[in-house]
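Visitor: Sharing input02.pdb below, PDB, C-alpha atoms, pLDDT in the B column:
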```
ATOM      1  CA  MET U   1      10.524 -43.583  76.373  1.00 60.00           C
ATOM      2  CA  SER U   2      11.877 -45.836  73.604  1.00 63.00           C
ATOM      3  CA  THR U   3      15.426 -45.670  72.418  1.00 78.00           C
ATOM      4  CA  GLN U   4      16.067 -46.388  68.767  1.00 87.00           C
ATOM      5  CA  THR U   5      19.376 -47.719  67.557  1.00 89.00           C
ATOM      6  CA  PRO U   6      20.755 -45.414  64.874  1.00 87.00           C
ATOM      7  CA  ALA U   7      21.005 -46.902  61.394  1.00 81.00           C
ATOM      8  CA  PRO U   8      24.563 -47.714  60.305  1.00 79.00           C
ATOM      9  CA  LEU U   9      26.133 -45.132  58.018  1.00 76.00           C
ATOM     10  CA  HIS U  10      27.094 -45.772  54.412  1.00 77.00           C
ATOM     11  CA  TRP U  11      30.795 -45.117  53.903  1.00 81.00           C
ATOM     12  CA  LYS U  12      33.528 -45.189  51.300  1.00 90.00           C
ATOM     13  CA  LEU U  13      37.274 -45.136  51.653  1.00 94.00           C
ATOM     14  CA  VAL U  14      38.675 -42.333  49.464  1.00 94.00           C
ATOM     15  CA  ILE U  15      42.152 -42.904  48.055  1.00 95.00           C
ATOM     16  CA  ASP U  16      44.217 -40.167  46.413  1.00 95.00           C
ATOM     17  CA  SER U  17      45.560 -41.241  43.058  1.00 96.00           C
ATOM     18  CA  ALA U  18      47.527 -40.074  40.029  1.00 96.00           C
ATOM     19  CA  ASP U  19      45.444 -42.326  37.730  1.00 97.00           C
ATOM     20  CA  PRO U  20      42.099 -43.148  39.346  1.00 98.00           C
ATOM     21  CA  HIS U  21      40.910 -45.415  36.531  1.00 98.00           C
ATOM     22  CA  ALA U  22      44.047 -47.586  36.581  1.00 98.00           C
ATOM     23  CA  GLN U  23      43.779 -47.826  40.369  1.00 98.00           C
ATOM     24  CA  ALA U  24      40.095 -48.774  40.066  1.00 98.00           C
ATOM     25  CA  ASP U  25      40.987 -51.512  37.583  1.00 98.00           C
ATOM     26  CA  PHE U  26      43.703 -52.864  39.915  1.00 98.00           C
ATOM     27  CA  TRP U  27      41.552 -52.835  43.069  1.00 98.00           C
ATOM     28  CA  ALA U  28      38.449 -54.172  41.310  1.00 98.00           C
ATOM     29  CA  ALA U  29      40.526 -57.139  40.153  1.00 98.00           C
ATOM     30  CA  ALA U  30      42.352 -57.476  43.489  1.00 97.00           C
ATOM     31  CA  LEU U  31      39.137 -57.549  45.551  1.00 97.00           C
ATOM     32  CA  HIS U  32      36.846 -59.146  42.936  1.00 97.00           C
ATOM     33  CA  TYR U  33      34.810 -55.917  43.067  1.00 97.00           C
ATOM     34  CA  GLU U  34      33.139 -54.018  40.211  1.00 97.00           C
ATOM     35  CA  ALA U  35      33.958 -50.559  38.924  1.00 97.00           C
ATOM     36  CA  GLU U  36      30.902 -48.374  39.277  1.00 97.00           C
ATOM     37  CA  ASP U  37      29.123 -47.380  36.077  1.00 97.00           C
ATOM     38  CA  ASN U  38      28.231 -43.699  36.476  1.00 97.00           C
ATOM     39  CA  SER U  39      27.678 -43.225  32.725  1.00 97.00           C
ATOM     40  CA  ALA U  40      23.959 -42.401  33.033  1.00 96.00           C
ATOM     41  CA  LEU U  41      24.754 -39.666  35.566  1.00 96.00           C
ATOM     42  CA  VAL U  42      27.659 -38.344  33.483  1.00 97.00           C
ATOM     43  CA  GLU U  43      25.493 -38.233  30.341  1.00 97.00           C
ATOM     44  CA  ARG U  44      22.676 -36.496  32.241  1.00 96.00           C
ATOM     45  CA  LEU U  45      25.071 -33.860  33.652  1.00 96.00           C
ATOM     46  CA  LEU U  46      26.638 -33.297  30.215  1.00 97.00           C
ATOM     47  CA  SER U  47      23.216 -32.842  28.587  1.00 97.00           C
ATOM     48  CA  LEU U  48      22.225 -30.294  31.250  1.00 97.00           C
ATOM     49  CA  GLY U  49      25.474 -28.377  30.770  1.00 96.00           C
ATOM     50  CA  ALA U  50      26.319 -29.017  34.427  1.00 97.00           C
ATOM     51  CA  LEU U  51      29.500 -30.912  33.561  1.00 96.00           C
ATOM     52  CA  PRO U  52      32.038 -29.792  30.941  1.00 97.00           C
ATOM     53  CA  GLY U  53      33.189 -32.410  28.439  1.00 96.00           C
ATOM     54  CA  GLU U  54      36.810 -32.044  29.574  1.00 97.00           C
ATOM     55  CA  ALA U  55      35.741 -33.341  33.004  1.00 97.00           C
ATOM     56  CA  THR U  56      34.964 -36.729  31.450  1.00 98.00           C
ATOM     57  CA  VAL U  57      36.865 -39.629  29.914  1.00 98.00           C
ATOM     58  CA  GLU U  58      35.897 -42.839  28.199  1.00 97.00           C
ATOM     59  CA  TYR U  59      36.322 -45.747  30.604  1.00 98.00           C
ATOM     60  CA  HIS U  60      35.662 -49.262  29.351  1.00 97.00           C
ATOM     61  CA  GLY U  61      33.621 -47.895  26.459  1.00 97.00           C
ATOM     62  CA  ARG U  62      31.390 -45.578  28.466  1.00 97.00           C
ATOM     63  CA  PRO U  63      31.579 -41.976  29.688  1.00 97.00           C
ATOM     64  CA  ALA U  64      33.002 -41.505  33.184  1.00 98.00           C
ATOM     65  CA  PHE U  65      34.182 -38.723  35.441  1.00 98.00           C
ATOM     66  CA  ARG U  66      37.801 -37.834  34.612  1.00 98.00           C
ATOM     67  CA  ASP U  67      38.990 -37.326  38.166  1.00 98.00           C
ATOM     68  CA  LEU U  68      37.213 -40.003  40.182  1.00 97.00           C
ATOM     69  CA  ILE U  69      35.820 -43.498  40.044  1.00 98.00           C
ATOM     70  CA  ALA U  70      34.745 -46.015  42.647  1.00 98.00           C
ATOM     71  CA  VAL U  71      34.702 -49.779  42.927  1.00 98.00           C
ATOM     72  CA  ARG U  72      32.105 -51.640  44.966  1.00 96.00           C
ATOM     73  CA  HIS U  73      31.321 -55.085  46.266  1.00 96.00           C
ATOM     74  CA  PRO U  74      29.234 -56.811  43.548  1.00 96.00           C
ATOM     75  CA  GLU U  75      26.527 -57.926  45.999  1.00 95.00           C
ATOM     76  CA  ASP U  76      26.006 -54.512  47.591  1.00 94.00           C
ATOM     77  CA  PRO U  77      23.103 -52.284  46.563  1.00 93.00           C
ATOM     78  CA  TYR U  78      23.579 -49.278  44.308  1.00 94.00           C
ATOM     79  CA  ASP U  79      21.527 -46.383  43.001  1.00 95.00           C
ATOM     80  CA  PRO U  80      20.451 -47.353  39.455  1.00 94.00           C
ATOM     81  CA  ASP U  81      20.019 -43.669  38.463  1.00 94.00           C
ATOM     82  CA  THR U  82      23.625 -42.741  39.267  1.00 95.00           C
ATOM     83  CA  GLY U  83      25.467 -46.060  39.469  1.00 95.00           C
ATOM     84  CA  THR U  84      26.725 -45.050  42.921  1.00 94.00           C
ATOM     85  CA  GLY U  85      27.220 -47.904  45.364  1.00 93.00           C
ATOM     86  CA  LEU U  86      25.443 -47.939  48.711  1.00 91.00           C
ATOM     87  CA  GLY U  87      27.750 -50.327  50.529  1.00 89.00           C
ATOM     88  CA  ARG U  88      31.412 -51.322  50.611  1.00 92.00           C
ATOM     89  CA  ARG U  89      33.271 -48.944  48.275  1.00 95.00           C
ATOM     90  CA  LEU U  90      36.682 -47.564  47.440  1.00 97.00           C
ATOM     91  CA  LEU U  91      36.714 -44.219  45.635  1.00 97.00           C
ATOM     92  CA  PHE U  92      39.830 -43.134  43.752  1.00 97.00           C
ATOM     93  CA  GLN U  93      40.242 -39.386  43.243  1.00 97.00           C
ATOM     94  CA  ARG U  94      42.865 -37.669  41.119  1.00 96.00           C
ATOM     95  CA  VAL U  95      45.336 -35.482  43.006  1.00 95.00           C
ATOM     96  CA  PRO U  96      48.328 -33.607  41.567  1.00 93.00           C
ATOM     97  CA  GLU U  97      50.897 -34.685  44.142  1.00 91.00           C
ATOM     98  CA  ALA U  98      52.537 -38.112  44.298  1.00 86.00           C
ATOM     99  CA  LYS U  99      52.471 -40.356  47.350  1.00 87.00           C
ATOM    100  CA  THR U 100      55.467 -39.475  49.524  1.00 88.00           C
ATOM    101  CA  VAL U 101      55.096 -41.216  52.900  1.00 88.00           C
ATOM    102  CA  LYS U 102      53.748 -44.414  54.418  1.00 85.00           C
ATOM    103  CA  ASN U 103      49.961 -44.760  54.450  1.00 86.00           C
ATOM    104  CA  ARG U 104      48.208 -43.850  57.689  1.00 85.00           C
ATOM    105  CA  LEU U 105      45.367 -46.177  56.687  1.00 89.00           C
ATOM    106  CA  HIS U 106      45.598 -49.370  54.651  1.00 92.00           C
ATOM    107  CA  LEU U 107      43.624 -52.417  53.576  1.00 93.00           C
ATOM    108  CA  ASP U 108      44.272 -55.905  54.933  1.00 95.00           C
ATOM    109  CA  LEU U 109      43.232 -58.716  52.590  1.00 96.00           C
ATOM    110  CA  HIS U 110      42.390 -62.029  54.284  1.00 95.00           C
ATOM    111  CA  PRO U 111      42.644 -64.990  51.911  1.00 95.00           C
ATOM    112  CA  GLY U 112      43.863 -67.269  54.746  1.00 91.00           C
ATOM    113  CA  ALA U 113      47.291 -68.780  55.374  1.00 92.00           C
ATOM    114  CA  GLU U 114      46.665 -71.664  52.984  1.00 95.00           C
ATOM    115  CA  ARG U 115      45.908 -69.277  50.088  1.00 95.00           C
ATOM    116  CA  ARG U 116      48.306 -66.434  50.957  1.00 96.00           C
ATOM    117  CA  ALA U 117      51.095 -67.412  48.532  1.00 97.00           C
ATOM    118  CA  ASP U 118      48.671 -67.864  45.613  1.00 97.00           C
ATOM    119  CA  GLU U 119      46.982 -64.551  46.388  1.00 96.00           C
ATOM    120  CA  VAL U 120      50.328 -62.722  46.573  1.00 98.00           C
ATOM    121  CA  ALA U 121      51.270 -64.204  43.180  1.00 98.00           C
ATOM    122  CA  ARG U 122      47.905 -63.158  41.691  1.00 97.00           C
ATOM    123  CA  LEU U 123      48.267 -59.611  43.040  1.00 98.00           C
ATOM    124  CA  LYS U 124      51.823 -59.373  41.665  1.00 98.00           C
ATOM    125  CA  ALA U 125      50.477 -60.383  38.252  1.00 98.00           C
ATOM    126  CA  LEU U 126      47.968 -57.521  38.534  1.00 98.00           C
ATOM    127  CA  GLY U 127      50.784 -55.004  39.130  1.00 98.00           C
ATOM    128  CA  ALA U 128      51.381 -55.039  42.903  1.00 98.00           C
ATOM    129  CA  ARG U 129      54.823 -55.620  44.379  1.00 98.00           C
ATOM    130  CA  VAL U 130      55.997 -57.298  47.558  1.00 98.00           C
ATOM    131  CA  LEU U 131      57.634 -54.935  50.036  1.00 98.00           C
ATOM    132  CA  HIS U 132      58.427 -57.504  52.744  1.00 97.00           C
ATOM    133  CA  GLY U 133      57.101 -60.409  54.744  1.00 96.00           C
ATOM    134  CA  VAL U 134      56.262 -60.243  58.440  1.00 96.00           C
ATOM    135  CA  GLN U 135      56.397 -63.161  60.826  1.00 94.00           C
ATOM    136  CA  GLU U 136      55.450 -62.435  64.434  1.00 93.00           C
ATOM    137  CA  PRO U 137      54.073 -64.498  67.306  1.00 91.00           C
ATOM    138  CA  GLY U 138      50.647 -62.953  66.564  1.00 87.00           C
ATOM    139  CA  GLY U 139      50.598 -63.837  62.887  1.00 91.00           C
ATOM    140  CA  GLU U 140      52.195 -63.807  59.483  1.00 94.00           C
ATOM    141  CA  TRP U 141      51.477 -61.588  56.488  1.00 96.00           C
ATOM    142  CA  VAL U 142      52.987 -60.023  53.385  1.00 97.00           C
ATOM    143  CA  VAL U 143      53.201 -56.242  53.000  1.00 97.00           C
ATOM    144  CA  MET U 144      52.614 -55.229  49.391  1.00 97.00           C
ATOM    145  CA  ALA U 145      52.210 -52.012  47.400  1.00 97.00           C
ATOM    146  CA  ASP U 146      49.616 -51.349  44.711  1.00 97.00           C
ATOM    147  CA  PRO U 147      50.705 -49.883  41.328  1.00 97.00           C
ATOM    148  CA  GLU U 148      50.879 -46.356  42.834  1.00 95.00           C
ATOM    149  CA  GLY U 149      52.798 -47.446  45.930  1.00 95.00           C
ATOM    150  CA  ASN U 150      49.954 -47.602  48.472  1.00 95.00           C
ATOM    151  CA  GLU U 151      50.764 -50.242  51.071  1.00 95.00           C
ATOM    152  CA  PHE U 152      48.401 -53.077  51.916  1.00 95.00           C
ATOM    153  CA  CYS U 153      48.747 -56.429  53.682  1.00 96.00           C
ATOM    154  CA  VAL U 154      47.866 -59.966  52.689  1.00 97.00           C
ATOM    155  CA  GLN U 155      47.253 -62.089  55.758  1.00 94.00           C
TER
END
```
What is this file in structure tokens?

Guide:
Amino acid sequence: MSTQTPAPLHWKLVIDSADPHAQADFWAAALHYEAEDNSALVERLLSLGALPGEATVEYHGRPAFRDLIAVRHPEDPYDPDTGTGLGRRLLFQRVPEAKTVKNRLHLDLHPGAERRADEVARLKALGARVLHGVQEPGGEWVVMADPEGNEFCVQ
């Protein structure tokens, strides 16, 4: 009897957001990722009457879903019919409530100790803010918050 190793699962990290498109712009720039272009899918759904016009917005000159958008690694595969990434992705979805407590899950960015200060400065220029620095026997990093207050670390 042969045992097959299961194929790895595709995944995305979903992040609640007040302004998904602004968050997508920040994180695409922060990670050097690309915002997904779902315009072909949006146009197809609009033409079929399956998506109301008020559920869309113009995003970088093309139609997009109003309440969600994803960013993906530029080298990862994607579905050309929908623009949906098939690899490393962050999806931002609109929610009515604001962030109120510390994240239970966060991203760690790893530019390396020699590039940490430059990366922190670049992220601040994109709209992030420094919350505090951490120096422990196991390492050193900077805790930051994105434009909506979601914590992340730069190691």

Visitor: Which residue is closest to Asp118 (chain U)? Choose from U:Gly83, U:Lys102, U:Gln155, U:Arg94 and count all atoms listed in the file.

Guide: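 Looking at the shortest contact to Asp118 (chain U), the residue is U:Gln155.
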
Visitor: For CA of Cys153 (chain U) and CA of Glu119 (chain U), quote the distance in Å rounded to one decimal.

Guide: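 Here the two named atoms are 11.1 Å from each other.
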
Visitor: Give me the residues within 12 Å of Val101 (chain U) as number ranges by chain, counting all atoms listed in the file and dropping any in the same chain fewer than 5 places off.

Guide: U: 149-151

Visitor: Apply the PyMOL selection byres ((chain U and resi 70) around 9) to the structure shown and report the selected residues as a PyMOL selection string.

Guide: chain U and resi 12+14+20-21+24+34-37+68-69+71-72+84-85+89-93

Visitor: Within 9 Å of Ser39 (chain U), counting all atoms listed in the file, which residues qualify if same-chain residues fewer than 4 places away don't, as a list in words?

Guide: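 My list of contacting residues is Glu43, Arg44, Arg62, Pro63, Ala64, Phe65, Thr82 and Gly83 of chain U.
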
Visitor: Could you check the closest approach to Arg122 (chain U) for each of U:His10, U:His32, U:Arg88, U:His60 and tell me which residue wins, using all atoms listed in the file?

Guide: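 That would be U:His32, the residue with the smallest distance to Arg122 (chain U).
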
Visitor: Please report the interatomic distance between CA of Ala55 (chain U) and CA of Tyr33 (chain U) in Å with one decimal.

Guide: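 CA of Tyr33 (chain U) lies 24.7 Å from CA of Ala55 (chain U).
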
Visitor: So which residues touch His132 (chain U) within 8 Å, counting all atoms listed in the file, skipping near sequence neighbours fewer than 3 positions away, as a list in words?

Guide: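 After dropping sequence-adjacent residues, the list is Val142, Val143 and Met144 of chain U.
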
Visitor: So which one's closest to Arg116 (chain U), U:Asn38, U:Asp67, U:Phe26, U:Gly133? Using only C-alpha atoms, please.

Guide: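 Closest to Arg116 (chain U), using only C-alpha atoms: U:Gly133.
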
Visitor: Just how far from CA of Leu105 (chain U) is CA of Leu9 (chain U), in Å to one decimal?

Guide: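 If I compute the distance from CA of Leu9 (chain U) to CA of Leu105 (chain U), I get 19.3 Å.
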
Visitor: Tell me which residues the PyMOL selection byres ((chain U and resi 77) around 7) grabs here, as JSON, numbers by chain.

Guide: {"U": [75, 76, 78, 85, 86, 87]}

Visitor: As a list in words, please: the residues near Ala98 (chain U) (cut-off 9 Å, all atoms listed in the file, same-chain neighbours under 2 positions excluded).

Guide: Asp16, Ser17, Ala18, Val95, Pro96, Thr100 and Glu148 of chain U

Visitor: Identify which of the residues U:Arg104, U:Lys99, U:Arg115, U:His110 lies closest to Asp146 (chain U), counting only C-alpha atoms when measuring atom-to-atom distances.

Guide: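 Looking only at the distances to Asp146 (chain U), the closest residue turns out to be U:Lys99.
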
Visitor: Go through U:Val42, U:Asp19, U:Glu114, U:His73 one by one, measure the shortest atom-to-atom distance of each to Glu97 (chain U) using all atoms listed in the file, and give the residue with the smallest value.

Guide: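 Looking at the shortest contact to Glu97 (chain U), the residue is U:Asp19.
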
Visitor: Smallest atom-to-atom distance to Ala40 (chain U): which of U:Asp81, U:Pro147, U:Leu123, U:Ala117, using all atoms listed in the file?

Guide: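 Of U:Asp81, U:Pro147, U:Leu123, U:Ala117, the one nearest Ala40 (chain U) is U:Asp81, counting all atoms listed in the file.
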
Visitor: Would you compute an axis-aligned box for region 50-69 of chain U, covering every atom listed for it in the file with 8 Å of margin on each side, and report centre and edge lengths in Å to one decimal as JSON?

Guide:
```
{"center_x": 32.7, "center_y": -39.1, "center_z": 33.3, "size_x": 28.7, "size_y": 36.2, "size_z": 29.7}
```

Visitor: Will you give me region 2-92 of chain U, written with C-alpha atoms and laid out as a PDB file, in the first residue's frame?

Guide:
```pdb
ATOM      1  CA  SER U   2       1.492   3.367  -1.008  1.00  0.00           C
ATOM      2  CA  THR U   3       1.114   6.452   1.082  1.00  0.00           C
ATOM      3  CA  GLN U   4       0.877   9.754  -0.732  1.00  0.00           C
ATOM      4  CA  THR U   5       1.932  12.988   0.886  1.00  0.00           C
ATOM      5  CA  PRO U   6      -0.954  15.451   0.774  1.00  0.00           C
ATOM      6  CA  ALA U   7      -0.414  18.525  -1.382  1.00  0.00           C
ATOM      7  CA  PRO U   8       0.178  21.724   0.597  1.00  0.00           C
ATOM      8  CA  LEU U   9      -2.868  23.956   0.921  1.00  0.00           C
ATOM      9  CA  HIS U  10      -3.161  27.410  -0.601  1.00  0.00           C
ATOM     10  CA  TRP U  11      -3.831  29.985   2.102  1.00  0.00           C
ATOM     11  CA  LYS U  12      -4.367  33.679   2.664  1.00  0.00           C
ATOM     12  CA  LEU U  13      -4.232  35.741   5.809  1.00  0.00           C
ATOM     13  CA  VAL U  14      -7.470  37.751   6.101  1.00  0.00           C
ATOM     14  CA  ILE U  15      -7.196  41.097   7.869  1.00  0.00           C
ATOM     15  CA  ASP U  16     -10.211  43.120   8.994  1.00  0.00           C
ATOM     16  CA  SER U  17     -10.011  46.704   7.840  1.00  0.00           C
ATOM     17  CA  ALA U  18     -11.873  50.010   7.775  1.00  0.00           C
ATOM     18  CA  ASP U  19     -10.347  50.874   4.366  1.00  0.00           C
ATOM     19  CA  PRO U  20      -9.220  47.713   2.573  1.00  0.00           C
ATOM     20  CA  HIS U  21      -7.791  49.530  -0.450  1.00  0.00           C
ATOM     21  CA  ALA U  22      -5.602  51.858   1.635  1.00  0.00           C
ATOM     22  CA  GLN U  23      -4.396  48.863   3.649  1.00  0.00           C
ATOM     23  CA  ALA U  24      -3.652  46.969   0.420  1.00  0.00           C
ATOM     24  CA  ASP U  25      -1.630  49.922  -0.865  1.00  0.00           C
ATOM     25  CA  PHE U  26       0.349  50.103   2.405  1.00  0.00           C
ATOM     26  CA  TRP U  27       1.084  46.363   2.618  1.00  0.00           C
ATOM     27  CA  ALA U  28       1.840  46.009  -1.099  1.00  0.00           C
ATOM     28  CA  ALA U  29       4.457  48.738  -0.707  1.00  0.00           C
ATOM     29  CA  ALA U  30       5.694  47.413   2.653  1.00  0.00           C
ATOM     30  CA  LEU U  31       6.218  43.855   1.364  1.00  0.00           C
ATOM     31  CA  HIS U  32       7.023  44.706  -2.279  1.00  0.00           C
ATOM     32  CA  TYR U  33       3.888  42.730  -3.204  1.00  0.00           C
ATOM     33  CA  GLU U  34       1.272  43.496  -5.873  1.00  0.00           C
ATOM     34  CA  ALA U  35      -2.380  44.336  -5.377  1.00  0.00           C
ATOM     35  CA  GLU U  36      -4.476  41.751  -7.155  1.00  0.00           C
ATOM     36  CA  ASP U  37      -6.311  42.880 -10.278  1.00  0.00           C
ATOM     37  CA  ASN U  38      -9.784  41.331 -10.068  1.00  0.00           C
ATOM     38  CA  SER U  39     -11.228  43.741 -12.659  1.00  0.00           C
ATOM     39  CA  ALA U  40     -12.038  41.030 -15.228  1.00  0.00           C
ATOM     40  CA  LEU U  41     -14.002  39.094 -12.596  1.00  0.00           C
ATOM     41  CA  VAL U  42     -15.745  42.240 -11.336  1.00  0.00           C
ATOM     42  CA  GLU U  43     -16.721  43.249 -14.886  1.00  0.00           C
ATOM     43  CA  ARG U  44     -17.978  39.724 -15.633  1.00  0.00           C
ATOM     44  CA  LEU U  45     -20.096  39.657 -12.442  1.00  0.00           C
ATOM     45  CA  LEU U  46     -21.490  43.135 -13.173  1.00  0.00           C
ATOM     46  CA  SER U  47     -22.439  42.148 -16.735  1.00  0.00           C
ATOM     47  CA  LEU U  48     -24.234  39.033 -15.454  1.00  0.00           C
ATOM     48  CA  GLY U  49     -26.126  41.067 -12.858  1.00  0.00           C
ATOM     49  CA  ALA U  50     -24.538  38.942 -10.126  1.00  0.00           C
ATOM     50  CA  LEU U  51     -22.853  41.940  -8.505  1.00  0.00           C
ATOM     51  CA  PRO U  52     -24.549  45.302  -7.888  1.00  0.00           C
ATOM     52  CA  GLY U  53     -22.642  48.408  -8.962  1.00  0.00           C
ATOM     53  CA  GLU U  54     -22.608  49.740  -5.390  1.00  0.00           C
ATOM     54  CA  ALA U  55     -20.494  46.715  -4.407  1.00  0.00           C
ATOM     55  CA  THR U  56     -17.646  48.042  -6.557  1.00  0.00           C
ATOM     56  CA  VAL U  57     -15.196  50.937  -6.517  1.00  0.00           C
ATOM     57  CA  GLU U  58     -12.566  52.234  -8.881  1.00  0.00           C
ATOM     58  CA  TYR U  59      -9.124  51.220  -7.637  1.00  0.00           C
ATOM     59  CA  HIS U  60      -6.072  52.416  -9.539  1.00  0.00           C
ATOM     60  CA  GLY U  61      -8.193  53.078 -12.615  1.00  0.00           C
ATOM     61  CA  ARG U  62      -9.967  49.729 -12.735  1.00  0.00           C
ATOM     62  CA  PRO U  63     -13.123  48.246 -11.204  1.00  0.00           C
ATOM     63  CA  ALA U  64     -12.635  46.396  -7.917  1.00  0.00           C
ATOM     64  CA  PHE U  65     -14.706  44.901  -5.141  1.00  0.00           C
ATOM     65  CA  ARG U  66     -15.687  47.624  -2.651  1.00  0.00           C
ATOM     66  CA  ASP U  67     -15.225  45.577   0.495  1.00  0.00           C
ATOM     67  CA  LEU U  68     -12.163  43.439  -0.171  1.00  0.00           C
ATOM     68  CA  ILE U  69      -8.860  43.328  -1.974  1.00  0.00           C
ATOM     69  CA  ALA U  70      -5.783  41.154  -1.712  1.00  0.00           C
ATOM     70  CA  VAL U  71      -2.077  41.620  -2.260  1.00  0.00           C
ATOM     71  CA  ARG U  72       0.183  38.800  -3.404  1.00  0.00           C
ATOM     72  CA  HIS U  73       3.826  37.970  -3.863  1.00  0.00           C
ATOM     73  CA  PRO U  74       4.735  39.050  -7.431  1.00  0.00           C
ATOM     74  CA  GLU U  75       6.378  35.710  -8.280  1.00  0.00           C
ATOM     75  CA  ASP U  76       3.482  33.538  -7.115  1.00  0.00           C
ATOM     76  CA  PRO U  77       0.990  32.087  -9.592  1.00  0.00           C
ATOM     77  CA  TYR U  78      -2.485  33.532 -10.025  1.00  0.00           C
ATOM     78  CA  ASP U  79      -5.671  32.699 -11.884  1.00  0.00           C
ATOM     79  CA  PRO U  80      -5.682  34.897 -15.021  1.00  0.00           C
ATOM     80  CA  ASP U  81      -9.506  34.689 -15.285  1.00  0.00           C
ATOM     81  CA  THR U  82     -10.102  36.158 -11.820  1.00  0.00           C
ATOM     82  CA  GLY U  83      -6.798  37.777 -10.863  1.00  0.00           C
ATOM     83  CA  THR U  84      -6.847  35.757  -7.633  1.00  0.00           C
ATOM     84  CA  GLY U  85      -3.445  34.748  -6.303  1.00  0.00           C
ATOM     85  CA  LEU U  86      -2.589  31.107  -5.693  1.00  0.00           C
ATOM     86  CA  GLY U  87       0.247  31.617  -3.238  1.00  0.00           C
ATOM     87  CA  ARG U  88       1.322  34.028  -0.510  1.00  0.00           C
ATOM     88  CA  ARG U  89      -1.533  36.515  -0.026  1.00  0.00           C
ATOM     89  CA  LEU U  90      -2.995  39.020   2.387  1.00  0.00           C
ATOM     90  CA  LEU U  91      -6.692  39.782   1.938  1.00  0.00           C
ATOM     91  CA  PHE U  92      -8.148  42.953   3.440  1.00  0.00           C
TER      92      PHE U  92
END
```
